[in-house]
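Peer 1: What follows is run05.txt, compact mmCIF, C-alpha atoms and all ligand atoms.
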# COMPACT_ATOMS: atom_id res chain seq x y z
CA MET F 1 -10.18 13.29 -14.38
CA GLY F 2 -7.12 15.21 -15.55
CA ARG F 3 -4.62 14.25 -18.22
CA ARG F 4 -1.47 15.18 -16.42
CA PRO F 5 1.81 13.35 -16.76
CA PRO F 6 2.99 11.22 -13.84
CA HIS F 7 4.83 12.84 -10.94
CA PRO F 8 6.42 11.43 -7.78
CA GLY F 9 4.21 11.16 -4.72
CA ASP F 10 1.10 10.75 -6.82
CA LYS F 11 -1.69 8.92 -5.02
CA SER F 12 -1.42 6.34 -7.79
CA SER F 13 1.34 4.69 -5.78
CA VAL F 14 -1.21 3.64 -3.13
CA MET F 15 -1.31 -0.13 -2.86
CA HIS F 16 -4.70 -1.69 -2.15
CA ASP F 17 -4.49 -4.75 0.05
CA VAL F 18 -6.72 -7.78 -0.24
CA ALA F 19 -8.65 -6.91 2.92
CA MET F 20 -10.33 -4.08 0.99
CA PRO F 21 -12.10 -5.70 -1.94
CA LEU F 22 -12.01 -3.73 -5.19
CA SER F 23 -15.31 -2.81 -6.81
CA PRO F 24 -16.25 -3.63 -10.38
CA PRO F 25 -15.25 -0.93 -12.89
CA PRO F 26 -17.63 1.71 -14.24
CA ALA F 27 -19.22 1.10 -17.65
CA PRO F 28 -16.62 0.93 -20.45
CA ASP F 29 -16.17 4.20 -22.34
CA PRO F 30 -15.25 4.34 -26.05
CA HIS F 31 -13.46 7.64 -25.41
CA TRP F 32 -10.84 6.05 -23.14
CA ALA F 33 -7.40 5.00 -24.38
CA TRP F 34 -7.47 1.20 -24.09
CA PHE F 35 -4.50 -0.92 -22.97
CA PHE F 36 -4.71 -4.68 -22.42
CA ASP F 37 -2.37 -7.36 -21.17
CA ILE F 38 -3.03 -10.62 -23.08
CA ASP F 39 -2.38 -13.82 -21.09
CA GLY F 40 -4.65 -14.25 -18.08
CA THR F 41 -6.51 -11.08 -19.09
CA LEU F 42 -7.89 -11.37 -22.64
CA ILE F 43 -7.27 -15.12 -22.88
CA GLU F 44 -7.07 -17.85 -20.25
CA LEU F 45 -3.57 -18.59 -18.97
CA GLU F 46 -4.09 -22.28 -19.56
CA ALA F 47 -5.18 -21.72 -23.16
CA GLU F 48 -2.77 -23.15 -25.70
CA PRO F 49 -1.60 -19.79 -27.07
CA SER F 50 -1.12 -21.02 -30.61
CA ALA F 51 -4.54 -22.71 -30.75
CA LEU F 52 -6.37 -21.45 -33.81
CA ARG F 53 -9.66 -21.09 -31.98
CA VAL F 54 -8.19 -18.84 -29.26
CA SER F 55 -6.41 -16.77 -31.85
CA HIS F 56 -9.58 -16.39 -33.93
CA GLN F 57 -11.66 -15.32 -30.92
CA LEU F 58 -9.00 -12.88 -29.76
CA SER F 59 -8.59 -11.16 -33.12
CA GLU F 60 -12.36 -10.92 -33.52
CA LEU F 61 -12.79 -9.38 -30.06
CA LEU F 62 -9.97 -6.89 -30.62
CA GLU F 63 -11.23 -5.95 -34.05
CA THR F 64 -14.61 -5.07 -32.53
CA VAL F 65 -13.06 -3.07 -29.68
CA HIS F 66 -10.70 -1.34 -32.13
CA ARG F 67 -13.66 -0.18 -34.19
CA GLN F 68 -15.72 0.84 -31.16
CA VAL F 69 -12.99 2.99 -29.58
CA GLY F 70 -11.80 4.72 -32.72
CA GLY F 71 -8.53 2.78 -32.94
CA ALA F 72 -7.28 3.76 -29.48
CA VAL F 73 -6.36 0.26 -28.32
CA ALA F 74 -2.94 -1.29 -27.69
CA LEU F 75 -1.69 -4.58 -26.24
CA LEU F 76 1.04 -4.55 -23.57
CA SER F 77 2.44 -8.05 -23.13
CA GLY F 78 5.47 -10.03 -22.07
CA ARG F 79 5.30 -11.80 -25.44
CA THR F 80 7.40 -10.52 -28.34
CA ILE F 81 5.74 -8.30 -30.93
CA SER F 82 6.07 -10.97 -33.61
CA ASN F 83 4.44 -13.53 -31.32
CA ILE F 84 1.57 -11.15 -30.51
CA GLN F 85 1.11 -10.37 -34.19
CA SER F 86 0.81 -14.05 -35.09
CA LEU F 87 -1.88 -14.32 -32.41
CA ILE F 88 -4.03 -11.41 -33.63
CA ALA F 89 -3.42 -11.51 -37.41
CA PRO F 90 -4.70 -10.09 -39.67
CA LEU F 91 -5.48 -7.23 -37.25
CA GLU F 92 -2.70 -4.63 -36.91
CA ILE F 93 -2.82 -2.42 -33.83
CA PRO F 94 -0.20 -0.73 -31.62
CA LEU F 95 1.72 -3.26 -29.53
CA ALA F 96 4.30 -3.29 -26.75
CA GLY F 97 6.22 -6.56 -26.50
CA CYS F 98 8.68 -7.95 -23.94
CA HIS F 99 7.18 -5.83 -21.15
CA GLY F 100 7.54 -2.53 -22.98
CA ILE F 101 11.03 -3.04 -24.42
CA GLU F 102 9.82 -3.16 -28.03
CA ARG F 103 6.89 -1.17 -29.39
CA ARG F 104 4.99 -1.09 -32.64
CA LEU F 105 3.34 2.28 -33.19
CA ALA F 106 0.00 3.05 -34.82
CA ASP F 107 1.83 3.91 -38.07
CA GLY F 108 3.51 0.48 -38.15
CA ARG F 109 7.00 1.60 -37.12
CA VAL F 110 8.76 -0.76 -34.67
CA LEU F 111 11.00 0.69 -31.94
CA ARG F 112 13.41 -1.78 -30.36
CA PRO F 113 16.61 -0.97 -28.43
CA ALA F 114 19.80 -2.98 -28.92
CA PRO F 115 20.01 -5.91 -26.48
CA SER F 116 21.48 -4.92 -23.14
CA PRO F 117 25.24 -5.66 -22.77
CA GLY F 118 24.56 -7.92 -19.78
CA MET F 119 22.19 -10.12 -21.76
CA ARG F 120 24.90 -12.44 -23.10
CA ARG F 121 26.14 -13.28 -19.60
CA ALA F 122 22.58 -13.76 -18.31
CA ARG F 123 21.80 -16.09 -21.23
CA ARG F 124 24.93 -18.18 -20.52
CA ILE F 125 24.14 -18.53 -16.80
CA LEU F 126 20.47 -19.38 -17.32
CA THR F 127 21.09 -21.80 -20.20
CA ALA F 128 23.48 -23.75 -17.95
CA PHE F 129 20.97 -23.64 -15.07
CA VAL F 130 18.10 -24.96 -17.22
CA GLY F 131 20.40 -27.72 -18.49
CA ARG F 132 20.83 -28.97 -14.92
CA HIS F 133 17.08 -29.13 -14.04
CA ALA F 134 14.27 -31.04 -15.72
CA GLY F 135 10.98 -29.23 -16.37
CA LEU F 136 12.37 -25.73 -16.87
CA ARG F 137 12.23 -23.76 -20.12
CA LEU F 138 14.28 -20.72 -21.07
CA GLU F 139 12.55 -18.50 -23.62
CA ASP F 140 15.00 -16.26 -25.47
CA LYS F 141 13.34 -13.07 -26.68
CA GLY F 142 16.60 -11.42 -27.74
CA VAL F 143 16.08 -8.28 -25.65
CA ALA F 144 14.80 -10.28 -22.66
CA LEU F 145 14.87 -13.81 -21.22
CA ALA F 146 11.98 -15.68 -19.60
CA LEU F 147 12.62 -18.61 -17.26
CA HIS F 148 9.42 -20.69 -17.11
CA TYR F 149 8.93 -23.13 -14.22
CA ARG F 150 5.23 -24.05 -14.64
CA GLN F 151 6.22 -27.72 -15.15
CA ALA F 152 8.47 -27.67 -12.07
CA PRO F 153 6.86 -25.36 -9.45
CA HIS F 154 9.06 -26.84 -6.68
CA LEU F 155 12.03 -25.12 -8.33
CA GLU F 156 10.68 -21.58 -7.76
CA THR F 157 13.31 -20.61 -5.17
CA ALA F 158 16.16 -22.10 -7.18
CA CYS F 159 14.91 -20.21 -10.26
CA ARG F 160 14.71 -16.95 -8.32
CA ASP F 161 18.30 -17.42 -7.11
CA ALA F 162 19.46 -18.20 -10.65
CA VAL F 163 17.91 -15.09 -12.23
CA GLU F 164 19.26 -12.92 -9.44
CA ARG F 165 22.72 -14.34 -10.12
CA ALA F 166 22.24 -13.72 -13.86
CA VAL F 167 21.36 -10.03 -13.78
CA SER F 168 23.95 -7.26 -13.93
CA GLY F 169 24.17 -3.66 -15.10
CA ASP F 170 20.82 -2.33 -16.30
CA LEU F 171 19.12 -5.72 -16.12
CA GLY F 172 16.47 -6.52 -13.51
CA VAL F 173 14.13 -9.37 -12.59
CA LEU F 174 10.37 -9.33 -13.06
CA ALA F 175 8.30 -12.10 -11.45
CA GLY F 176 5.17 -13.26 -13.27
CA LYS F 177 2.95 -16.31 -12.89
CA MET F 178 5.33 -19.30 -12.97
CA VAL F 179 7.93 -17.24 -14.82
CA PHE F 180 10.88 -14.97 -14.02
CA GLU F 181 11.79 -12.42 -16.67
CA VAL F 182 15.26 -10.92 -17.06
CA LYS F 183 14.97 -7.55 -18.78
CA PRO F 184 16.30 -3.98 -18.75
CA ARG F 185 14.87 -2.20 -15.69
CA ASP F 186 14.21 1.01 -17.63
CA PHE F 187 11.34 -0.54 -19.57
CA SER F 188 7.98 -1.74 -18.28
CA LYS F 189 4.34 -1.88 -19.25
CA GLY F 190 4.12 1.47 -17.45
CA THR F 191 6.76 3.14 -19.64
CA ALA F 192 5.05 1.67 -22.72
CA LEU F 193 1.67 3.05 -21.66
CA ALA F 194 3.19 6.49 -21.01
CA SER F 195 4.92 6.50 -24.42
CA PHE F 196 1.70 5.57 -26.20
CA MET F 197 -0.22 8.26 -24.25
CA ALA F 198 2.08 10.92 -25.71
CA THR F 199 1.08 10.00 -29.28
CA ALA F 200 -2.01 9.64 -31.47
CA PRO F 201 -4.54 8.11 -31.25
CA PHE F 202 -4.12 7.86 -27.45
CA HIS F 203 -3.07 11.41 -26.60
CA GLY F 204 -5.73 13.44 -24.79
CA ARG F 205 -7.75 10.40 -23.72
CA ILE F 206 -8.08 8.85 -20.27
CA PRO F 207 -6.11 5.58 -20.13
CA VAL F 208 -7.49 2.30 -18.85
CA PHE F 209 -5.17 -0.67 -18.37
CA LEU F 210 -6.37 -4.22 -17.75
CA GLY F 211 -4.01 -6.90 -16.46
CA ASP F 212 -3.86 -9.90 -14.18
CA ASP F 213 -0.49 -10.29 -12.48
CA GLN F 214 2.56 -8.70 -10.88
CA THR F 215 4.04 -7.72 -14.26
CA ASP F 216 0.99 -5.48 -14.80
CA GLU F 217 1.46 -3.35 -11.67
CA ASP F 218 3.64 -0.79 -13.51
CA GLY F 219 0.83 -0.46 -16.03
CA PHE F 220 -1.79 0.11 -13.31
CA GLU F 221 0.43 2.73 -11.72
CA ALA F 222 1.06 4.54 -15.02
CA ALA F 223 -2.65 4.53 -15.93
CA ALA F 224 -3.50 6.12 -12.55
CA ALA F 225 -0.71 8.67 -12.90
CA TRP F 226 -2.23 9.75 -16.21
CA GLY F 227 -5.58 10.28 -14.50
CA GLY F 228 -6.93 6.94 -15.66
CA LEU F 229 -7.78 3.59 -14.16
CA GLY F 230 -6.26 0.17 -13.65
CA ILE F 231 -8.49 -2.89 -13.66
CA LEU F 232 -7.28 -6.16 -12.18
CA VAL F 233 -8.64 -9.27 -13.92
CA GLY F 234 -8.84 -12.38 -11.71
CA PRO F 235 -8.36 -13.16 -8.01
CA SER F 236 -7.63 -10.31 -5.59
CA HIS F 237 -4.06 -9.64 -4.51
CA PRO F 238 -2.27 -6.53 -3.28
CA THR F 239 -2.40 -4.23 -6.29
CA LYS F 240 -2.31 -0.67 -7.57
CA ALA F 241 -5.39 -1.36 -9.69
CA MET F 242 -8.53 0.54 -8.64
CA PHE F 243 -11.14 -1.93 -9.87
CA ARG F 244 -11.45 -5.65 -10.42
CA LEU F 245 -13.22 -8.03 -12.78
CA GLU F 246 -13.68 -11.64 -11.68
CA ASP F 247 -12.00 -13.40 -14.60
CA VAL F 248 -11.38 -13.44 -18.36
CA ALA F 249 -15.05 -14.25 -19.06
CA ALA F 250 -16.18 -11.30 -16.90
CA LEU F 251 -13.91 -8.99 -18.90
CA HIS F 252 -15.37 -10.20 -22.19
CA LEU F 253 -18.89 -9.69 -20.83
CA TRP F 254 -18.06 -6.20 -19.53
CA LEU F 255 -16.67 -5.24 -22.95
CA THR F 256 -19.99 -6.03 -24.61
CA ASP F 257 -21.31 -2.85 -22.92
CA LEU F 258 -19.04 -0.87 -25.25
CA SER F 259 -21.49 -1.53 -28.07
CA ALA F 260 -24.27 0.03 -25.97
CA ALA F 261 -22.23 3.14 -25.15
MG MG F 301 -0.97 -11.58 -17.88
Please rewrite the model in this file as structure tokens.

Peer 2:
Amino acid sequence: MGRRPPHPGDKSSVMHDVAMPLSPPPAPDPHWAWFFDIDGTLIELEAEPSALRVSHQLSELLETVHRQVGGAVALLSGRTISNIQSLIAPLEIPLAGCHGIERRLADGRVLRPAPSPGMRRARRILTAFVGRHAGLRLEDKGVALALHYRQAPHLETACRDAVERAVSGDLGVLAGKMVFEVKPRDFSKGTALASFMATAPFHGRIPVFLGDDQTDEDGFEAAAAWGGLGILVGPSHPTKAMFRLEDVAALHLWLTDLSAA
């Protein structure tokens, strides 16, 4: 597999549909550049994210992987960097938070753009909307907003309308599992992966990205464009991933083969 940068028309844009089941991935390779989504991928979606046990297991797993792959591992999440860090402490590895908007590099530097000019208006519209409906939660990440409707799934359409009303300028909408994110369109897990691939310790390796939902598709596409592979974790759906693992437990099991590599 080559290590070329992405270019338009790449076969990576091929979308697999559910009628063609994806095979399990090849054995994990310590020479790959490793990129993971967190929720629904490394930990169960239903897991209480702040639970000490989950956090302990996650940091232990990542510490092992980090050692096995020579430090070439990063997390690409919708969570903020500070939230991710509290989850994996004391481990310090490269991170991309808020779907690629903010990044912490291997040397510890944090790159974060100023909030988009349209963010203030979006915040005002969505705060008012959440105030009118029980069961919704607006998470303010500064550079992005997340409208959670897990406690009120019947409000999905109303939430979609509200976020579409709220975006302007460079802002766009990203749909996740029971959440709509309002964020600058120019950033994604794909742009984060590409930026990491241009720097040590990722540069020159073949990227692998593991994720579970719609917000991970940009990451799958970027991994493929860099000559690497996307691995969907969880139930099949139309995806740009090339391989699939059954669930979070299957991913953990698959990773144990790293120690045998
Ligand atoms: Mg996820």

Peer 1: Using all atoms listed in the file, tabulate the residues of segment 76-106 of chain F lying at most 8 Å from any atom of segment 189-195 of chain F, each with its closest atom pair and that distance in Å to one decimal, by chain and increasing residue number, as CSV.

Peer 2:
residue,atom,partner,partner_atom,distance
F:Leu76,CA,F:Lys189,CA,6.1
F:Ser77,CA,F:Lys189,CA,7.5
F:Ala96,CA,F:Ala192,CA,6.4
F:His99,CA,F:Lys189,CA,5.2
F:Gly100,CA,F:Ala192,CA,4.9
F:Ile101,CA,F:Ala192,CA,7.8
F:Arg103,CA,F:Ala192,CA,7.5

Peer 1: What are the nearest atom pairs, with distances in Å to one decimal, for all residues of chain F that come at most 10 Å from ligand MG 301 (chain F), using only C-alpha atoms and all ligand atoms, set out by chain and rising residue number as a Markdown table?

Peer 2:
| residue | atom | partner | partner_atom | distance |
| --- | --- | --- | --- | --- |
| F:Phe36 | CA | F:MG301 | MG | 9.1 |
| F:Asp37 | CA | F:MG301 | MG | 5.5 |
| F:Ile38 | CA | F:MG301 | MG | 5.7 |
| F:Asp39 | CA | F:MG301 | MG | 4.2 |
| F:Gly40 | CA | F:MG301 | MG | 4.6 |
| F:Thr41 | CA | F:MG301 | MG | 5.7 |
| F:Leu42 | CA | F:MG301 | MG | 8.4 |
| F:Ile43 | CA | F:MG301 | MG | 8.8 |
| F:Glu44 | CA | F:MG301 | MG | 9.1 |
| F:Leu45 | CA | F:MG301 | MG | 7.6 |
| F:Leu76 | CA | F:MG301 | MG | 9.3 |
| F:Ser77 | CA | F:MG301 | MG | 7.2 |
| F:Gly78 | CA | F:MG301 | MG | 7.8 |
| F:Arg79 | CA | F:MG301 | MG | 9.8 |
| F:Gly176 | CA | F:MG301 | MG | 7.9 |
| F:Lys177 | CA | F:MG301 | MG | 7.9 |
| F:Leu210 | CA | F:MG301 | MG | 9.1 |
| F:Gly211 | CA | F:MG301 | MG | 5.8 |
| F:Asp212 | CA | F:MG301 | MG | 5.0 |
| F:Asp213 | CA | F:MG301 | MG | 5.6 |
| F:Gln214 | CA | F:MG301 | MG | 8.4 |
| F:Thr215 | CA | F:MG301 | MG | 7.3 |
| F:Asp216 | CA | F:MG301 | MG | 7.1 |
| F:Val233 | CA | F:MG301 | MG | 8.9 |

Peer 1: Ranking F:Arg109, F:His237, F:Arg205, F:Arg165 by minimum distance to Ala223 of chain F and counting all atoms listed in the file, which one comes first?

Peer 2: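 Checking each candidate against Ala223 of chain F, we get F:Arg205 as the closest.
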
Peer 1: Under the rule that all atoms listed in the file are counted, which of F:Ala144, F:Ala162, F:Leu255, F:Val73 is the nearest residue to Val182 of chain F?

Peer 2: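 Selected residue with least distance to Val182 of chain F: F:Ala144.
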
Peer 1: Between atom CA of Leu75 of chain F and atom CA of Leu105 of chain F, what is the distance in Å, rounded to a tenth?

Peer 2: 11.0 Å

Peer 1: Taking all atoms listed in the file into account, name the residue in F:Gly118, F:Arg53, F:Val69, F:Val110 that is nearest to Pro30 of chain F.

Peer 2: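 The answer is F:Val69, which sits nearest to Pro30 of chain F.
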
Peer 1: So what do you get for atom CA of Pro235 of chain F versus atom CA of Met178 of chain F, distance-wise?

Peer 2: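 A separation of 15.8 Å between them.
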
Peer 1: In Å, how far is it from atom CA of Ala114 of chain F to atom CA of Phe35 of chain F?

Peer 2: 25.1 Å

Peer 1: Hey, what's within 12 Å of Arg150 of chain F if we count only C-alpha atoms and toss same-chain stuff fewer than 5 positions away? As a ChimeraX atom specification, please?

Peer 2: /F:45-46,134-138,155-156,159,176-180

Peer 1: Tell me which of F:His16, F:Ala106, F:Glu217, F:Ile125 sits closest to Gly71 of chain F, counting all atoms listed in the file.

Peer 2: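 Between F:His16, F:Ala106, F:Glu217, F:Ile125, the residue approaching Gly71 of chain F most closely is F:Ala106.
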